[in-house]
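**Q** Input structure: data_26.cif, which contains mmCIF, C-alpha atoms.
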data_model
#
loop_
_atom_site.label_atom_id
_atom_site.label_comp_id
_atom_site.auth_asym_id
_atom_site.auth_seq_id
_atom_site.Cartn_x
_atom_site.Cartn_y
_atom_site.Cartn_z
CA MET A 87 94.75 114.16 122.36
CA PRO A 88 95.96 115.91 119.16
CA GLU A 89 96.93 118.94 121.21
CA GLU A 90 99.39 116.78 123.15
CA ILE A 91 101.42 115.95 120.07
CA THR A 92 104.36 118.22 119.42
CA ALA A 93 106.30 118.28 116.18
CA GLU A 94 109.72 119.75 116.84
CA TYR A 95 111.35 120.02 113.43
CA ALA A 96 114.90 120.56 114.69
CA VAL A 97 117.03 120.59 111.57
CA ASP A 98 120.23 120.22 113.55
CA GLN A 99 119.25 116.61 114.29
CA ILE A 100 119.17 115.73 110.60
CA SER A 101 122.19 114.01 109.09
CA PRO A 102 124.42 116.41 107.12
CA SER A 103 126.13 113.53 105.30
CA VAL A 104 123.97 113.78 102.15
CA GLU A 105 125.19 116.29 99.61
CA LEU A 106 122.62 118.67 98.14
CA ARG A 107 122.83 118.42 94.34
CA VAL A 108 119.37 119.56 93.26
CA ARG A 109 116.92 121.87 95.01
CA PRO A 110 113.24 121.33 94.02
CA LYS A 111 111.25 124.55 93.77
CA VAL A 112 107.52 123.95 94.10
CA THR A 113 104.12 125.60 94.26
CA VAL A 114 101.66 124.01 96.70
CA ALA A 115 97.89 124.47 96.95
CA CYS A 116 95.40 122.70 99.23
CA LYS A 117 91.65 122.61 99.77
CA THR A 118 89.50 120.53 102.12
CA ASP A 119 85.74 120.50 102.63
CA LEU A 120 83.27 118.89 105.01
CA GLY A 121 81.03 117.76 102.16
CA ARG A 122 77.22 117.77 102.14
CA VAL A 123 76.58 114.79 104.44
CA ARG A 124 79.22 114.54 107.16
CA GLU A 125 79.08 116.46 110.44
CA ASN A 126 82.82 116.70 110.93
CA ASN A 127 85.90 116.62 108.70
CA GLU A 128 88.02 113.51 109.27
CA ASP A 129 90.42 114.38 106.44
CA LYS A 130 93.73 116.01 107.22
CA TYR A 131 96.47 117.42 105.01
CA GLU A 132 99.90 118.58 106.08
CA TYR A 133 103.18 119.51 104.46
CA TYR A 134 106.69 120.49 105.47
CA VAL A 135 108.78 122.52 103.02
CA SER A 136 112.16 123.30 104.55
CA GLU A 137 114.60 125.99 103.44
CA ASP A 138 117.50 124.29 105.22
CA ASP A 139 119.96 122.72 102.78
CA SER A 140 120.77 119.65 104.88
CA THR A 141 117.07 118.89 105.37
CA ILE A 142 116.32 119.33 101.66
CA ALA A 143 119.27 117.10 100.75
CA SER A 144 118.45 114.16 103.00
CA LYS A 145 114.71 114.40 103.73
CA GLY A 146 113.31 116.59 100.97
CA LEU A 147 109.87 118.19 100.89
CA VAL A 148 107.04 116.29 102.56
CA PHE A 149 103.33 116.30 101.61
CA LEU A 150 100.59 114.19 103.23
CA VAL A 151 96.87 113.51 102.93
CA CYS A 152 95.08 111.30 105.46
CA ASP A 153 91.43 110.23 105.57
CA GLY A 154 90.33 109.19 109.04
CA MET A 155 87.62 106.73 110.04
CA GLY A 156 85.97 105.69 113.25
CA GLY A 157 83.04 108.03 113.94
CA HIS A 158 82.40 110.30 116.94
CA ALA A 159 85.37 112.46 115.86
CA ALA A 160 87.71 109.47 116.29
CA GLY A 161 88.65 109.51 112.61
CA GLN A 162 89.57 113.17 112.86
CA ILE A 163 91.87 112.37 115.76
CA ALA A 164 93.42 109.40 113.93
CA SER A 165 94.29 111.47 110.85
CA GLU A 166 95.66 114.29 113.02
CA LEU A 167 97.88 111.92 114.99
CA ALA A 168 99.08 110.13 111.87
CA THR A 169 100.12 113.25 109.95
CA LYS A 170 102.01 114.82 112.85
CA THR A 171 103.69 111.60 113.91
CA PHE A 172 104.71 110.61 110.38
CA ILE A 173 106.34 113.96 109.61
CA ASP A 174 108.09 114.24 112.96
CA VAL A 175 109.51 110.70 112.90
CA TYR A 176 110.46 110.86 109.23
CA LEU A 177 112.34 114.16 109.54
CA HIS A 178 114.29 113.06 112.59
CA HIS A 179 115.08 109.51 111.54
CA PRO A 180 118.87 108.95 111.47
CA SER A 181 118.93 106.88 108.28
CA ASP A 182 120.01 108.46 105.00
CA ASP A 183 117.81 105.92 103.19
CA PRO A 184 114.43 107.65 102.63
CA ALA A 185 112.56 104.35 102.37
CA VAL A 186 113.84 103.26 105.79
CA ALA A 187 112.82 106.58 107.34
CA MET A 188 109.38 106.48 105.67
CA GLN A 189 108.66 102.95 106.86
CA SER A 190 109.73 103.84 110.40
CA ALA A 191 107.40 106.84 110.24
CA VAL A 192 104.50 104.60 109.12
CA THR A 193 105.26 102.19 111.96
CA ALA A 194 105.36 104.99 114.54
CA ALA A 195 102.14 106.58 113.27
CA ASN A 196 100.38 103.23 113.30
CA ARG A 197 101.58 102.38 116.80
CA PHE A 198 100.45 105.74 118.16
CA VAL A 199 96.96 105.53 116.63
CA VAL A 200 96.56 101.92 117.80
CA ASP A 201 97.63 102.82 121.35
CA VAL A 202 95.26 105.79 121.58
CA GLY A 203 92.42 103.69 120.17
CA ARG A 204 92.99 101.02 122.78
CA SER A 205 93.27 103.44 125.69
CA VAL A 206 90.15 105.51 124.95
CA PRO A 207 86.96 103.41 124.56
CA ALA A 208 85.20 106.00 122.38
CA ARG A 209 88.12 105.89 119.94
CA ARG A 210 88.50 102.12 119.72
CA GLY A 211 88.85 100.93 116.14
CA MET A 212 89.74 104.33 114.73
CA GLY A 213 92.12 104.47 111.80
CA THR A 214 93.20 106.49 108.81
CA THR A 215 94.62 106.24 105.34
CA LEU A 216 98.00 107.85 104.64
CA SER A 217 99.26 108.99 101.25
CA GLY A 218 102.64 110.70 101.30
CA LEU A 219 104.63 112.40 98.56
CA ILE A 220 108.27 113.22 99.31
CA LEU A 221 110.43 115.11 96.83
CA ILE A 222 114.14 114.56 97.46
CA GLN A 223 116.48 116.32 95.05
CA ASP A 224 115.57 114.79 91.65
CA LYS A 225 113.46 111.89 92.97
CA ALA A 226 109.78 111.59 93.91
CA TYR A 227 108.83 109.03 96.55
CA THR A 228 105.34 107.86 97.42
CA CYS A 229 104.34 106.19 100.66
CA GLN A 230 100.90 104.59 100.65
CA VAL A 231 98.55 103.03 103.19
CA GLY A 232 94.81 102.82 102.39
CA ASP A 233 92.78 104.24 99.52
CA SER A 234 93.58 107.92 99.31
CA ARG A 235 95.57 108.47 96.12
CA ILE A 236 98.51 110.22 94.47
CA TYR A 237 98.53 111.06 90.77
CA ARG A 238 101.20 112.64 88.57
CA LEU A 239 100.48 114.77 85.52
CA ARG A 240 103.48 114.91 83.16
CA ASN A 241 103.38 116.33 79.63
CA GLY A 242 99.59 116.31 79.79
CA GLU A 243 99.34 112.61 80.68
CA MET A 244 98.05 111.58 84.12
CA LEU A 245 99.33 108.49 85.91
CA MET A 246 98.12 107.03 89.20
CA LEU A 247 101.22 106.43 91.34
CA THR A 248 99.59 104.51 94.21
CA HIS A 249 97.49 101.36 94.58
CA ASP A 250 94.35 101.32 96.70
CA HIS A 251 94.51 98.97 99.66
CA THR A 252 90.91 97.82 99.25
CA TRP A 253 89.40 94.36 98.83
CA VAL A 254 88.04 95.34 95.42
CA ASP A 255 91.30 96.77 94.08
CA GLU A 256 93.29 93.75 95.16
CA ALA A 257 90.67 91.40 93.71
CA MET A 258 90.72 93.33 90.43
CA ARG A 259 94.53 93.23 90.19
CA SER A 260 94.39 89.48 90.90
CA GLY A 261 91.88 88.99 88.08
CA LEU A 262 89.02 87.90 90.35
CA ILE A 263 86.73 90.72 89.23
CA THR A 264 86.67 93.15 86.31
CA ALA A 265 87.05 96.93 86.45
CA THR A 266 83.37 97.26 85.56
CA GLU A 267 82.35 94.97 88.42
CA ALA A 268 84.61 96.91 90.78
CA GLU A 269 82.69 100.16 90.18
CA THR A 270 79.55 98.91 91.93
CA HIS A 271 80.94 96.14 94.13
CA PRO A 272 79.63 96.18 97.74
CA TYR A 273 83.20 95.84 99.05
CA LYS A 274 84.45 98.84 97.07
CA HIS A 275 85.40 100.81 100.18
CA VAL A 276 86.49 97.92 102.41
CA LEU A 277 90.11 98.62 103.33
CA THR A 278 92.67 95.84 103.58
CA ARG A 279 95.29 98.12 105.13
CA ALA A 280 95.06 101.27 107.25
CA ILE A 281 96.97 103.16 109.93
CA GLY A 282 95.68 102.23 113.38
CA THR A 283 93.68 99.10 112.66
CA GLU A 284 96.39 96.44 113.08
CA GLY A 285 99.43 95.78 115.18
CA ASP A 286 101.77 96.05 112.19
CA VAL A 287 101.30 97.96 108.93
CA ILE A 288 103.66 98.13 105.96
CA GLY A 289 103.53 101.12 103.63
CA ASP A 290 103.98 100.75 99.89
CA ILE A 291 107.06 102.87 99.09
CA GLU A 292 108.04 103.60 95.49
CA SER A 293 110.29 106.11 93.75
CA ALA A 294 110.53 107.70 90.32
CA ASP A 295 112.58 110.35 88.59
CA LEU A 296 111.41 113.91 89.09
CA GLN A 297 111.13 116.39 86.21
CA PRO A 298 110.46 120.13 86.05
CA GLY A 299 106.80 120.69 85.27
CA ASP A 300 105.62 117.54 87.05
CA LEU A 301 102.27 118.13 88.75
CA PHE A 302 101.19 115.91 91.64
CA LEU A 303 97.70 115.47 93.09
CA LEU A 304 97.10 113.97 96.53
CA CYS A 305 93.45 113.40 97.39
CA SER A 306 91.03 111.59 99.67
CA ASP A 307 88.31 109.35 98.23
CA GLY A 308 85.77 112.11 98.79
CA LEU A 309 87.02 113.48 95.47
CA LEU A 310 87.16 110.12 93.71
CA ASN A 311 83.60 109.20 94.68
CA HIS A 312 82.23 111.94 92.43
CA VAL A 313 84.93 113.01 89.95
CA ASP A 314 86.42 110.63 87.39
CA ASP A 315 90.07 110.50 86.36
CA ASP A 316 89.51 112.16 82.99
CA THR A 317 87.85 115.16 84.62
CA ILE A 318 90.60 115.38 87.23
CA ALA A 319 93.28 115.36 84.53
CA ASP A 320 91.44 118.02 82.53
CA GLN A 321 91.24 120.34 85.54
CA LEU A 322 94.94 119.87 86.31
CA ARG A 323 95.89 120.62 82.71
CA THR A 324 93.73 123.73 82.54
CA TYR A 325 94.14 125.55 85.85
CA ALA A 326 96.90 126.68 88.19
CA PRO A 327 97.23 124.67 91.43
CA ALA A 328 95.01 126.82 93.68
CA GLU A 329 92.28 127.16 91.09
CA ALA A 330 92.43 123.45 90.31
CA CYS A 331 92.01 122.56 94.00
CA TRP A 332 88.92 124.73 94.38
CA ARG A 333 87.36 123.52 91.16
CA LEU A 334 87.95 119.85 91.94
CA VAL A 335 86.39 120.15 95.39
CA ALA A 336 83.48 122.09 93.91
CA ARG A 337 82.87 119.27 91.43
CA ALA A 338 82.87 116.72 94.25
CA LEU A 339 80.29 118.82 96.11
CA SER A 340 78.09 119.30 93.07
CA GLY A 341 78.29 115.56 92.44
CA GLY A 342 76.80 114.82 95.85
CA GLY A 343 79.47 115.61 98.43
CA SER A 344 78.92 112.25 100.14
CA ASP A 345 82.17 112.42 102.08
CA ASN A 346 84.84 114.85 103.25
CA CYS A 347 86.94 115.93 100.29
CA THR A 348 90.60 116.95 100.37
CA VAL A 349 92.84 117.92 97.47
CA MET A 350 96.51 118.93 97.45
CA VAL A 351 98.33 119.95 94.27
CA VAL A 352 102.13 120.16 94.14
CA ARG A 353 103.72 121.66 91.03
CA VAL A 354 107.46 121.29 90.41
CA ASP A 355 108.43 124.68 89.04
CA ALA A 356 112.17 123.96 88.75
CA LEU A 357 114.98 121.61 89.77
CA GLU A 358 117.82 123.99 90.56
CA PRO A 359 121.36 122.56 90.42
CA VAL A 360 123.48 123.45 93.43
#
Let's see the structure in the file written out as structure tokens.
**A**
Amino acid sequence: MPEEITAEYAVDQISPSVELRVRPKVTVACKTDLGRVRENNEDKYEYYVSEDDSTIASKGLVFLVCDGMGGHAAGQIASELATKTFIDVYLHHPSDDPAVAMQSAVTAANRFVVDVGRSVPARRGMGTTLSGLILIQDKAYTCQVGDSRIYRLRNGEMLMLTHDHTWVDEAMRSGLITATEAETHPYKHVLTRAIGTEGDVIGDIESADLQPGDLFLLCSDGLLNHVDDDTIADQLRTYAPAEACWRLVARALSGGGSDNCTVMVVRVDALEPV
């Protein structure tokens, strides 16, 4: 099924009505690993960095990490379908409002994964997380479904930009359980929202100002299962993006490698005025 999906990134379909004021210049590094337990990699990362001014102005630079689930390779298919569909629909959406285009892309990705899961018995119930970072001029947008994460390191301080859509995280934010209880809770990995598991899914979409030097980390929970936030921040402060990716994945493997592990680091090298 993934081979049937085509992503035609035709820039002439993108609205030219948005003026390009700032061009983000970035360095991107990625690393994914099967882990020490799994037989196939259900994680998927993808990015689209255009050099076309109209695309940069209205749609920006797109970075995604998805963590599939479903077994028998179904999770791998779900994450593949979600990444390709999200990017294709987002880039070609007619709205100049990024949030509208992102939500439409989430809806389309969800509908596609649901439809494939229903039509192929072996893939029934498959789904995936989706964590998207989109840099548009001098703004950073996040689009979140599930429990993969996006962090930002700025001036040495790391901030988690997304919320996990898990039973435990929502219970903790509601005050039902403590952070300590959440660490070992049996529902720690029970998702309350995912692409492909419901008829309708809403993505959490947020925006923040972008600054030169900002460093973003997108990752699946295969990293978070074995590497704590302090260690992640230390690696990001110390090493360049490619080296940081390899070292973070290596730490997840040495910690047990209980799941697929995917890391993407995006460094904002400059915001060039146009």
**Q** So which residues get picked by the PyMOL selection byres ((chain A and resi 143) around 12) here, written as a PyMOL selection string?
**A** chain A and resi 97+100-110+136-142+144-147+177+182-184+220-225+359-360
**Q** Residues picked by the PyMOL selection byres ((chain A and resi 171) around 8) here, as a count of residues only?
**A** 14
**Q** In terms of the shortest atom-to-atom distance over only C-alpha atoms, which of A:Ile281, A:Leu309, A:Leu339, A:Ala226 is closest to Val199 in chain A?
**A**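 Ranking A:Ile281, A:Leu309, A:Leu339, A:Ala226 by distance to Val199 in chain A, first place goes to A:Ile281.
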**Q** I'd like the residues picked by the PyMOL selection byres ((chain A and resi 256) around 12) written out as a list in words, using the chain letters and numbers from the file.
**A**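 Applying the PyMOL selection byres ((chain A and resi 256) around 12) to the structure shown produces Gly232, Asp233, His249, Asp250, His251, Thr252, Trp253, Val254, Asp255, Ala257, Met258, Arg259, Ser260, Gly261, Leu262, Ile263, Thr264, Ala265, Ala268, Tyr273, Lys274, His275, Val276, Leu277, Thr278 and Arg279 of chain A.
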**Q** One decimal, Å: what's the distance from CA of Asp129 in chain A over to CA of Leu304 in chain A, could you say?
**A**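 Interatomic distance, CA of Asp129 in chain A to CA of Leu304 in chain A: 12.0 Å.
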**Q** Where's the centre, and what are the edge lengths in Å to one decimal, of a box along x, y and z enclosing all listed atoms of range 320-335 of chain A padded 6 Å per side, as AutoDock Vina command-line options?
**A**
--center_x 91.8 --center_y 122.6 --center_z 89.0 --size_x 22.8 --size_y 21.1 --size_z 24.9
